[in-house]
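Dumped entry-v3.csv below, it's CSV, C-alpha atoms and all ligand atoms:
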```
chain,number,residue,atom,x,y,z
A,1,MET,CA,1.1,27.7,4.3
A,2,LEU,CA,0.0,26.2,1.0
A,3,LEU,CA,-1.8,22.8,1.1
A,4,ASP,CA,-3.0,20.6,-1.7
A,5,ILE,CA,-5.3,18.0,-0.1
A,6,LEU,CA,-6.5,15.1,-2.1
A,7,SER,CA,-9.2,13.3,-0.1
A,8,PRO,CA,-11.2,10.1,-0.7
A,9,ALA,CA,-14.8,10.6,-1.9
A,10,ARG,CA,-16.4,8.3,0.6
A,11,VAL,CA,-15.2,5.8,3.1
A,12,LEU,CA,-17.4,3.3,4.9
A,13,PHE,CA,-15.4,1.8,7.8
A,14,GLY,CA,-16.1,-0.8,10.4
A,15,PRO,CA,-17.0,-4.5,11.0
A,16,GLY,CA,-19.9,-5.3,8.8
A,17,SER,CA,-19.6,-2.3,6.6
A,18,SER,CA,-19.3,-4.6,3.5
A,19,TYR,CA,-23.0,-5.4,3.8
A,20,ARG,CA,-23.5,-1.9,2.3
A,21,LEU,CA,-21.7,-2.9,-0.9
A,22,GLY,CA,-25.0,-3.7,-2.7
A,23,GLU,CA,-26.6,-0.3,-2.0
A,24,GLU,CA,-23.4,1.6,-2.8
A,25,ALA,CA,-22.9,-0.3,-6.0
A,26,ARG,CA,-26.5,0.2,-7.1
A,27,ARG,CA,-26.0,4.0,-7.0
A,28,LEU,CA,-23.2,3.7,-9.5
A,29,GLY,CA,-24.6,1.3,-12.1
A,30,LYS,CA,-26.3,-2.1,-12.8
A,31,ARG,CA,-23.5,-4.1,-14.3
A,32,ALA,CA,-20.2,-4.6,-12.5
A,33,LEU,CA,-16.8,-6.1,-13.2
A,34,VAL,CA,-15.8,-7.7,-9.9
A,35,VAL,CA,-12.0,-8.0,-9.7
A,36,THR,CA,-10.6,-10.4,-7.1
A,37,GLY,CA,-7.6,-12.6,-6.4
A,38,ARG,CA,-7.4,-16.2,-7.2
A,39,ARG,CA,-8.4,-18.1,-4.0
A,40,SER,CA,-8.4,-16.8,-0.5
A,41,LEU,CA,-11.7,-14.8,-0.8
A,42,THR,CA,-13.6,-17.9,-1.9
A,43,VAL,CA,-11.9,-20.3,0.5
A,44,SER,CA,-12.8,-18.1,3.5
A,45,GLY,CA,-16.5,-17.9,2.4
A,46,ASN,CA,-16.3,-14.1,2.3
A,47,MET,CA,-16.8,-14.1,-1.5
A,48,GLN,CA,-20.3,-15.6,-1.3
A,49,GLN,CA,-21.4,-14.1,2.0
A,50,ARG,CA,-20.0,-10.5,1.6
A,51,ILE,CA,-19.7,-9.9,-2.1
A,52,VAL,CA,-21.8,-12.2,-4.3
A,53,THR,CA,-25.0,-12.2,-2.2
A,54,PRO,CA,-25.2,-8.5,-1.4
A,55,LEU,CA,-24.6,-7.6,-5.1
A,56,ARG,CA,-27.3,-10.1,-6.2
A,57,GLN,CA,-29.7,-8.9,-3.6
A,58,ALA,CA,-29.2,-5.3,-4.8
A,59,GLY,CA,-30.1,-6.4,-8.3
A,60,LEU,CA,-26.7,-6.1,-9.8
A,61,GLU,CA,-25.3,-8.2,-12.6
A,62,SER,CA,-21.7,-9.2,-11.8
A,63,ILE,CA,-19.0,-10.3,-14.1
A,64,PHE,CA,-16.0,-11.9,-12.3
A,65,PHE,CA,-12.4,-11.4,-13.1
A,66,SER,CA,-10.3,-13.5,-10.7
A,67,GLN,CA,-6.9,-13.6,-12.4
A,68,VAL,CA,-5.0,-11.2,-10.2
A,69,SER,CA,-2.0,-12.6,-8.4
A,70,ALA,CA,0.6,-10.7,-6.2
A,71,GLU,CA,2.6,-8.0,-8.1
A,72,PRO,CA,0.3,-7.6,-11.1
A,73,THR,CA,1.4,-6.7,-14.6
A,74,VAL,CA,0.1,-4.3,-17.3
A,75,ASP,CA,-1.0,-7.4,-19.2
A,76,ILE,CA,-3.4,-8.4,-16.5
A,77,VAL,CA,-5.0,-5.0,-16.6
A,78,ASP,CA,-5.3,-5.4,-20.4
A,79,GLN,CA,-7.2,-8.6,-19.9
A,80,ALA,CA,-9.5,-7.1,-17.3
A,81,ARG,CA,-10.1,-4.0,-19.5
A,82,LYS,CA,-11.0,-6.3,-22.4
A,83,LEU,CA,-13.5,-8.3,-20.4
A,84,ALA,CA,-15.1,-5.1,-18.9
A,85,GLN,CA,-15.5,-3.7,-22.5
A,86,GLU,CA,-16.9,-6.9,-23.9
A,87,GLU,CA,-19.3,-7.3,-21.1
A,88,GLN,CA,-20.3,-3.6,-21.3
A,89,CYS,CA,-19.7,-3.1,-17.6
A,90,GLU,CA,-20.8,0.2,-16.0
A,91,MET,CA,-18.6,0.0,-13.0
A,92,VAL,CA,-15.7,-1.9,-11.4
A,93,ILE,CA,-15.5,-3.4,-7.9
A,94,GLY,CA,-12.1,-4.5,-6.6
A,95,VAL,CA,-12.1,-6.8,-3.6
A,96,GLY,CA,-8.7,-7.9,-2.3
A,97,GLY,CA,-5.2,-6.7,-1.3
A,98,GLY,CA,-3.3,-3.9,-2.9
A,99,SER,CA,-2.5,-5.8,-6.1
A,100,VAL,CA,-6.2,-6.5,-6.7
A,101,LEU,CA,-7.2,-2.9,-5.9
A,102,ASP,CA,-4.5,-1.6,-8.2
A,103,VAL,CA,-5.8,-3.7,-11.1
A,104,ALA,CA,-9.4,-2.7,-10.4
A,105,LYS,CA,-8.3,0.9,-10.3
A,106,ALA,CA,-6.4,0.8,-13.6
A,107,THR,CA,-9.2,-1.2,-15.3
A,108,ALA,CA,-11.8,1.5,-14.3
A,109,GLY,CA,-9.3,4.3,-15.1
A,110,LEU,CA,-8.4,3.1,-18.6
A,111,PHE,CA,-11.8,1.7,-19.6
A,112,ARG,CA,-12.4,4.3,-22.2
A,113,GLU,CA,-8.8,4.5,-23.4
A,114,GLU,CA,-7.7,2.8,-26.6
A,115,ALA,CA,-4.0,2.1,-26.1
A,116,PRO,CA,-2.5,-0.9,-24.2
A,117,THR,CA,-1.9,-0.4,-20.5
A,118,ARG,CA,1.9,-0.4,-21.0
A,119,ASP,CA,1.7,2.9,-22.9
A,120,TYR,CA,0.1,4.7,-19.9
A,121,HIS,CA,2.6,3.0,-17.6
A,122,ALA,CA,5.3,4.6,-19.8
A,123,GLY,CA,3.7,8.0,-19.4
A,124,ARG,CA,1.0,8.3,-22.1
A,125,GLU,CA,-1.6,10.9,-21.2
A,126,ILE,CA,-5.0,9.7,-20.1
A,127,THR,CA,-7.7,11.8,-21.7
A,128,THR,CA,-11.0,10.0,-21.0
A,129,PRO,CA,-13.1,9.8,-17.8
A,130,ARG,CA,-12.9,6.6,-15.8
A,131,LEU,CA,-15.7,4.2,-14.9
A,132,PRO,CA,-17.1,4.4,-11.4
A,133,TRP,CA,-15.3,2.1,-9.0
A,134,ILE,CA,-15.6,0.7,-5.5
A,135,ALA,CA,-12.6,-0.5,-3.4
A,136,VAL,CA,-13.0,-3.2,-0.8
A,137,PRO,CA,-9.6,-3.9,0.8
A,138,THR,CA,-9.1,-7.3,2.5
A,139,THR,CA,-5.7,-6.6,3.9
A,140,ALA,CA,-4.4,-3.9,6.2
A,141,GLY,CA,-1.4,-2.7,4.2
A,142,SER,CA,-1.5,-1.0,0.8
A,143,GLY,CA,-3.9,1.9,1.4
A,144,SER,CA,-4.8,1.5,-2.2
A,145,GLU,CA,-8.5,2.0,-1.4
A,146,VAL,CA,-7.8,5.7,-1.0
A,147,THR,CA,-4.9,6.4,-3.2
A,148,ASN,CA,-4.7,7.7,-6.7
A,149,ASN,CA,-2.1,5.3,-8.1
A,150,ALA,CA,-1.8,1.8,-9.4
A,151,VAL,CA,1.5,0.0,-9.0
A,152,LEU,CA,2.1,-2.3,-12.0
A,153,ILE,CA,4.9,-4.2,-13.5
A,154,ASN,CA,5.8,-4.1,-17.2
A,155,PRO,CA,7.4,-7.5,-17.7
A,156,HIS,CA,8.7,-6.4,-21.2
A,157,SER,CA,10.7,-3.5,-19.9
A,158,SER,CA,11.3,-4.9,-16.4
A,159,LEU,CA,9.9,-1.7,-14.8
A,160,LYS,CA,7.7,-1.6,-11.7
A,161,ALA,CA,6.1,1.8,-11.4
A,162,SER,CA,2.8,3.6,-10.8
A,163,ILE,CA,0.3,5.0,-13.1
A,164,ARG,CA,-1.0,8.0,-11.2
A,165,ASN,CA,-4.1,10.0,-11.8
A,166,ASP,CA,-6.0,12.2,-9.3
A,167,ALA,CA,-9.3,11.2,-10.8
A,168,TRP,CA,-8.6,7.5,-10.0
A,169,ILE,CA,-9.5,7.7,-6.3
A,170,ALA,CA,-12.4,5.3,-5.7
A,171,ASP,CA,-15.9,6.6,-5.5
A,172,VAL,CA,-16.4,4.5,-2.4
A,173,ALA,CA,-14.0,2.6,-0.2
A,174,ILE,CA,-15.6,0.0,2.0
A,175,VAL,CA,-13.2,-0.9,4.7
A,176,ASP,CA,-14.4,-3.9,6.6
A,177,PRO,CA,-11.9,-5.4,9.1
A,178,ILE,CA,-13.7,-8.7,9.0
A,179,PHE,CA,-12.0,-9.5,5.7
A,180,SER,CA,-8.6,-9.1,7.3
A,181,MET,CA,-9.3,-11.6,10.1
A,182,VAL,CA,-8.5,-14.6,7.9
A,183,MET,CA,-5.1,-13.3,6.8
A,184,PRO,CA,-2.3,-15.8,7.6
A,185,LYS,CA,0.5,-14.7,9.9
A,186,LYS,CA,3.0,-14.1,7.2
A,187,LEU,CA,0.7,-11.9,5.2
A,188,THR,CA,-0.4,-10.0,8.3
A,189,ALA,CA,3.3,-9.3,9.1
A,190,GLN,CA,4.2,-8.2,5.5
A,191,THR,CA,1.2,-6.1,4.8
A,192,GLY,CA,1.3,-4.6,8.3
A,193,LEU,CA,4.9,-3.5,7.8
A,194,ASP,CA,4.0,-2.0,4.5
A,195,ALA,CA,1.4,0.1,6.3
A,196,LEU,CA,3.8,1.0,9.1
A,197,THR,CA,6.3,2.1,6.4
A,198,HIS,CA,3.6,4.3,4.8
A,199,ALA,CA,2.8,5.8,8.1
A,200,ILE,CA,6.4,6.6,9.1
A,201,GLU,CA,7.6,7.7,5.7
A,202,SER,CA,4.6,10.0,5.2
A,203,TYR,CA,5.1,11.4,8.7
A,204,THR,CA,8.6,12.3,7.9
A,205,SER,CA,8.0,13.3,4.3
A,206,ARG,CA,9.7,16.4,3.1
A,207,TRP,CA,6.2,17.7,2.3
A,208,ALA,CA,4.5,16.7,5.6
A,209,ASN,CA,2.2,19.4,6.9
A,210,PRO,CA,-0.1,19.7,10.0
A,211,PHE,CA,-3.0,18.0,8.2
A,212,SER,CA,-0.9,15.0,7.1
A,213,ASP,CA,0.9,14.9,10.4
A,214,ALA,CA,-2.3,14.4,12.3
A,215,LEU,CA,-3.2,11.4,10.2
A,216,SER,CA,0.3,9.9,9.9
A,217,GLU,CA,1.1,10.2,13.6
A,218,LYS,CA,-2.2,8.5,14.6
A,219,ALA,CA,-1.6,5.8,11.9
A,220,VAL,CA,1.9,5.0,13.2
A,221,LEU,CA,0.5,4.7,16.8
A,222,LEU,CA,-2.4,2.5,15.8
A,223,ILE,CA,-0.1,0.2,13.8
A,224,MET,CA,2.6,0.0,16.4
A,225,GLN,CA,0.1,-0.8,19.2
A,226,ASN,CA,-1.7,-3.5,17.2
A,227,ILE,CA,0.5,-5.2,14.7
A,228,TYR,CA,1.9,-7.8,17.0
A,229,THR,CA,-1.5,-8.7,18.4
A,230,ALA,CA,-3.0,-9.0,14.9
A,231,TYR,CA,0.0,-11.3,14.0
A,232,GLN,CA,-0.3,-13.5,17.0
A,233,LEU,CA,-4.0,-13.5,17.5
A,234,GLY,CA,-5.5,-13.2,14.0
A,235,ARG,CA,-9.1,-13.4,15.3
A,236,SER,CA,-8.6,-10.4,17.5
A,237,ARG,CA,-11.3,-8.1,16.1
A,238,GLU,CA,-10.0,-5.1,17.9
A,239,ALA,CA,-6.4,-5.5,16.6
A,240,ARG,CA,-7.6,-6.1,13.1
A,241,GLU,CA,-9.9,-3.1,13.2
A,242,LYS,CA,-7.2,-0.8,14.4
A,243,MET,CA,-4.7,-2.1,11.9
A,244,MET,CA,-7.2,-1.5,9.1
A,245,LEU,CA,-7.8,2.0,10.4
A,246,GLY,CA,-4.1,2.7,10.6
A,247,SER,CA,-3.6,1.5,7.1
A,248,LEU,CA,-6.5,3.6,5.8
A,249,MET,CA,-5.2,6.7,7.5
A,250,ALA,CA,-1.7,6.1,6.2
A,251,GLY,CA,-3.1,5.6,2.7
A,252,ILE,CA,-4.9,9.0,2.8
A,253,THR,CA,-1.8,10.8,4.0
A,254,LEU,CA,0.7,9.1,1.6
A,255,ASN,CA,-1.5,10.2,-1.2
A,256,GLN,CA,-0.8,13.8,-0.3
A,257,VAL,CA,2.8,13.8,0.9
A,258,ARG,CA,4.1,10.6,-0.6
A,259,VAL,CA,6.5,8.1,0.9
A,260,GLY,CA,10.3,7.9,0.9
A,261,ALA,CA,13.5,6.0,0.3
A,262,VAL,CA,12.2,2.6,1.5
A,263,HIS,CA,9.6,2.8,-1.3
A,264,ALA,CA,12.1,4.1,-3.8
A,265,LEU,CA,14.3,1.0,-3.2
A,266,SER,CA,11.6,-1.5,-2.7
A,267,HIS,CA,10.1,-1.5,-6.2
A,268,SER,CA,13.3,-2.4,-8.1
A,269,ILE,CA,14.3,-5.0,-5.4
A,270,GLY,CA,10.9,-6.6,-5.3
A,271,LEU,CA,10.8,-6.9,-9.0
A,272,LYS,CA,14.4,-8.2,-9.4
A,273,TYR,CA,14.1,-11.0,-6.8
A,274,GLY,CA,10.3,-11.7,-7.0
A,275,LEU,CA,9.8,-10.5,-3.4
A,276,ALA,CA,6.5,-9.3,-1.8
A,277,HIS,CA,6.4,-5.5,-1.5
A,278,GLY,CA,5.6,-5.5,2.2
A,279,LEU,CA,8.5,-7.9,2.9
A,280,VAL,CA,11.1,-5.7,1.2
A,281,CYS,CA,9.7,-2.6,3.0
A,282,GLY,CA,9.8,-4.4,6.3
A,283,VAL,CA,13.4,-5.4,5.9
A,284,LEU,CA,14.6,-2.0,4.7
A,285,LEU,CA,12.6,0.3,7.0
A,286,PRO,CA,15.0,0.4,10.0
A,287,TYR,CA,18.0,0.9,7.8
A,288,VAL,CA,16.4,3.8,6.0
A,289,MET,CA,15.3,5.2,9.4
A,290,GLU,CA,18.9,5.1,10.6
A,291,PHE,CA,19.9,7.0,7.5
A,292,ASN,CA,17.1,9.6,7.9
A,293,TYR,CA,17.7,9.9,11.7
A,294,PRO,CA,19.8,13.2,11.7
A,295,ARG,CA,17.0,15.1,9.9
A,296,VAL,CA,14.0,13.7,11.8
A,297,VAL,CA,15.1,13.3,15.4
A,298,GLU,CA,12.2,15.4,16.7
A,299,LYS,CA,9.6,13.4,14.8
A,300,TYR,CA,11.0,10.0,15.7
A,301,ALA,CA,11.3,11.1,19.3
A,302,ASN,CA,7.6,12.3,19.3
A,303,LEU,CA,6.5,8.9,18.1
A,304,ALA,CA,8.6,7.2,20.7
A,305,TYR,CA,7.1,9.4,23.5
A,306,GLN,CA,3.5,9.1,22.2
A,307,SER,CA,3.7,5.3,21.9
A,308,GLY,CA,5.2,4.9,25.3
A,309,ILE,CA,8.4,3.2,24.2
A,310,ALA,CA,10.4,6.2,25.6
A,311,SER,CA,9.6,8.0,28.8
A,312,PRO,CA,9.2,11.8,28.6
A,313,SER,CA,12.3,12.2,30.7
A,314,LEU,CA,14.5,10.7,28.0
A,315,ASP,CA,16.2,13.2,25.7
A,316,GLU,CA,15.1,13.5,22.1
A,317,LYS,CA,18.1,11.7,20.5
A,318,ALA,CA,17.8,8.7,22.8
A,319,ALA,CA,14.0,8.6,22.3
A,320,ALA,CA,14.4,8.7,18.5
A,321,ASN,CA,16.9,5.8,18.7
A,322,ARG,CA,14.4,3.9,20.8
A,323,LEU,CA,12.0,4.1,17.8
A,324,ILE,CA,14.5,2.7,15.4
A,325,HIS,CA,15.4,-0.2,17.8
A,326,TYR,CA,11.7,-0.8,18.3
A,327,VAL,CA,11.3,-1.3,14.5
A,328,TYR,CA,14.4,-3.7,14.4
A,329,ARG,CA,12.9,-5.7,17.3
A,330,LEU,CA,9.4,-5.7,15.8
A,331,ARG,CA,10.7,-7.1,12.6
A,332,GLU,CA,12.4,-9.9,14.5
A,333,LYS,CA,9.2,-10.7,16.4
A,334,LEU,CA,7.3,-10.9,13.1
A,335,GLN,CA,9.9,-13.3,11.7
A,336,ILE,CA,11.0,-10.9,9.0
A,337,PRO,CA,14.6,-11.4,7.9
A,338,ASP,CA,17.3,-9.1,9.1
A,339,LYS,CA,18.9,-8.5,5.7
A,340,LEU,CA,17.8,-8.6,2.1
A,341,GLY,CA,20.9,-10.7,1.4
A,342,THR,CA,19.1,-13.7,3.0
A,343,LEU,CA,16.4,-13.2,0.4
A,344,GLY,CA,18.7,-13.2,-2.6
A,345,LEU,CA,20.3,-9.7,-2.8
A,346,GLN,CA,23.6,-9.9,-4.7
A,347,LYS,CA,26.4,-7.4,-4.5
A,348,THR,CA,26.8,-7.3,-8.3
A,349,ASP,CA,23.1,-6.2,-8.7
A,350,LEU,CA,23.5,-3.2,-6.4
A,351,PRO,CA,24.5,-0.5,-9.0
A,352,ASP,CA,21.5,-1.3,-11.2
A,353,LEU,CA,19.1,-1.5,-8.2
A,354,VAL,CA,20.3,1.9,-7.0
A,355,LYS,CA,20.1,3.4,-10.5
A,356,ALA,CA,16.4,2.3,-10.7
A,357,ALA,CA,15.7,3.7,-7.2
A,358,LEU,CA,17.2,7.1,-8.2
A,359,THR,CA,14.5,7.5,-10.8
A,360,SER,CA,11.7,7.0,-8.3
A,361,THR,CA,9.6,10.0,-7.4
A,362,SER,CA,9.3,8.6,-3.8
A,363,LEU,CA,12.9,9.7,-3.3
A,364,GLU,CA,12.0,13.3,-3.7
A,365,ALA,CA,9.8,13.1,-0.5
A,366,ASN,CA,12.5,11.5,1.6
A,367,PRO,CA,13.5,13.9,4.5
A,368,ARG,CA,17.2,13.5,3.9
A,369,MET,CA,18.7,13.9,0.4
A,370,ALA,CA,19.7,10.4,-0.6
A,371,LYS,CA,22.4,10.2,-3.3
A,372,ARG,CA,23.7,7.2,-5.1
A,373,GLU,CA,26.4,6.5,-2.5
A,374,ASP,CA,23.9,6.7,0.3
A,375,LEU,CA,21.5,4.2,-1.3
A,376,LEU,CA,24.5,1.9,-2.1
A,377,GLU,CA,25.6,2.0,1.5
A,378,ILE,CA,22.1,1.1,2.7
A,379,LEU,CA,22.0,-1.9,0.4
A,380,GLU,CA,25.6,-2.9,1.2
A,381,LYS,CA,24.5,-3.2,4.9
A,382,ASN,CA,21.9,-5.7,3.6
A,383,LEU,CA,24.4,-8.1,2.1
A,384,VAL,CA,25.1,-11.3,4.0
A,401,FE,FE,4.0,0.4,0.2
```
As structure tokens:
Amino acid sequence: MLLDILSPARVLFGPGSSYRLGEEARRLGKRALVVTGRRSLTVSGNMQQRIVTPLRQAGLESIFFSQVSAEPTVDIVDQARKLAQEEQCEMVIGVGGGSVLDVAKATAGLFREEAPTRDYHAGREITTPRLPWIAVPTTAGSGSEVTNNAVLINPHSSLKASIRNDAWIADVAIVDPIFSMVMPKKLTAQTGLDALTHAIESYTSRWANPFSDALSEKAVLLIMQNIYTAYQLGRSREAREKMMLGSLMAGITLNQVRVGAVHALSHSIGLKYGLAHGLVCGVLLPYVMEFNYPRVVEKYANLAYQSGIASPSLDEKAAANRLIHYVYRLREKLQIPDKLGTLGLQKTDLPDLVKAALTSTSLEANPRMAKREDLLEILEKNLV
């Protein structure tokens, strides 16, 4: 067996772990660019209490970049890089959802590079070392705090893709579930389904191995058992903590064995119709699971047995089907639409969307070979 395991450098996990931000940041430098989203962190009071104050008390100078919105572009990264350079920052701290963390990651990663971000997005080689950076996720979804890639949109070429670099994994990930307790229901559902998709797709990845399986399987179970409680009872600390742990574990494993056809399709669809990544993943997940079913019966069945949705006496095929039906039902309970058609998917767009998906590296990890006709069929089922 040959394994190539890429692990996060350091992860601090648990309620209250963000109070260690100051001491961790102090180890890495004195002047930080703090990348955040536009509003929610400030409105919740977490910005002052859990970010600004600990950094000030640790003697750090902070420069704030709060321009990141959902689905960030290469141009936003250029702005953040410019500010970091002008202010001579020594490190970057990203506090937010996957979009914010991806911008922080790319800002640190390209700090010493000269060319615009769009060039690296198009494949230009990165030759300089990054700035130190700390990831503080506020949602349980992307896993970006422990991954090596930043998903960005180039609005000029209409391409949504990752810049990927093994050296870009954060120096420290501070994963404090307290941040996620203020997430509204819709965001909880969408980010949670993204995390569930990471866990299931990595578990059934073509490159899955015993090391990744251990993490992916546990991640699936943690998310399955807590997503609905986190959605219904947002202040449930236990559910939020377990969702955050599941998302973190799925992030570590997807970094090693990648994801699959859901993710291959989701980037081009999200970009075309301006839809949130987690939403597209949530709608597509059971359709892709049905497609993959013949190749992963044993693994789906195992998840069904382990989670208790199928009794051990049920045969594997029936148990695997239970898992797919569970995901359909879960989606409904989380008020996620049944088809992408209700979100704008048009029949005339399908060939271009499939063409874009076929270039995605995520497709290589899908357990069942997905050809053009297969992806078309999955999307045709999504038309209203
Ligand atoms: Fe994702």
Sorted per-residue table, range 180-262 of chain A near range 358-368 of chain A, closest atoms and distance, 9 Å, all atoms listed in the file, as CSV:
```
residue,atom,partner,partner_atom,distance
A:Glu201,CA,A:Asn366,CA,7.4
A:Ser202,CA,A:Ala365,CA,8.3
A:Thr204,CA,A:Pro367,CA,6.2
A:Ser205,CA,A:Ala365,CA,5.1
A:Arg206,CA,A:Pro367,CA,4.8
A:Trp207,CA,A:Ala365,CA,6.5
A:Ala208,CA,A:Ala365,CA,8.8
A:Val257,CA,A:Ala365,CA,7.2
A:Arg258,CA,A:Ala365,CA,6.2
A:Val259,CA,A:Ser362,CA,5.5
A:Gly260,CA,A:Asn366,CA,4.3
A:Ala261,CA,A:Leu363,CA,5.2
A:Val262,CA,A:Ser362,CA,8.5
```
key: Test item: residues no farther than 8 Å from ligand FE 401 (chain A), counting only C-alpha atoms and all ligand atoms, as a PyMOL selection string   = chain A and resi 141-142+194-195+197-198+263+277-278+281
Per-residue nearest contacts range 243-310 of chain A to range 172-192 of chain A, cut-off 7 Å, using all atoms listed in the file, as CSV:
```
residue,atom,partner,partner_atom,distance
A:Met244,CA,A:Pro177,CA,6.1
A:Gly278,CA,A:Gln190,CA,4.5
A:Leu279,CA,A:Gln190,CA,5.0
A:Gly282,CA,A:Gln190,CA,6.8
```
Option closest in space to Ala104 in chain A, from A:Thr36, A:Gln256, A:Thr42, A:Thr139 [counting only C-alpha atoms] =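 Using only C-alpha atoms, Ala104 in chain A sits closest to A:Thr36.
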ask   = Expressed in Å to a single decimal, how great is the separation between CA of Leu284 in chain A and CA of Lys347 in chain A?
value =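 Atom-to-atom, CA of Leu284 in chain A and CA of Lys347 in chain A are spaced 15.9 Å apart.
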request  = Using all atoms listed in the file, find the one residue out of A:Ala264, A:Ala140, A:Leu330, A:Ala304 that sits nearest to Leu375 in chain A.
outcome  =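 Among the listed residues, the smallest separation from Leu375 in chain A belongs to A:Ala264.
Omitting Arg50 in chain A and its sequence neighbours fewer than 4 positions away, and counting all atoms listed in the file, the residues within 8 Å are A:Ser18, A:Tyr19, A:Asn46, A:Pro54.
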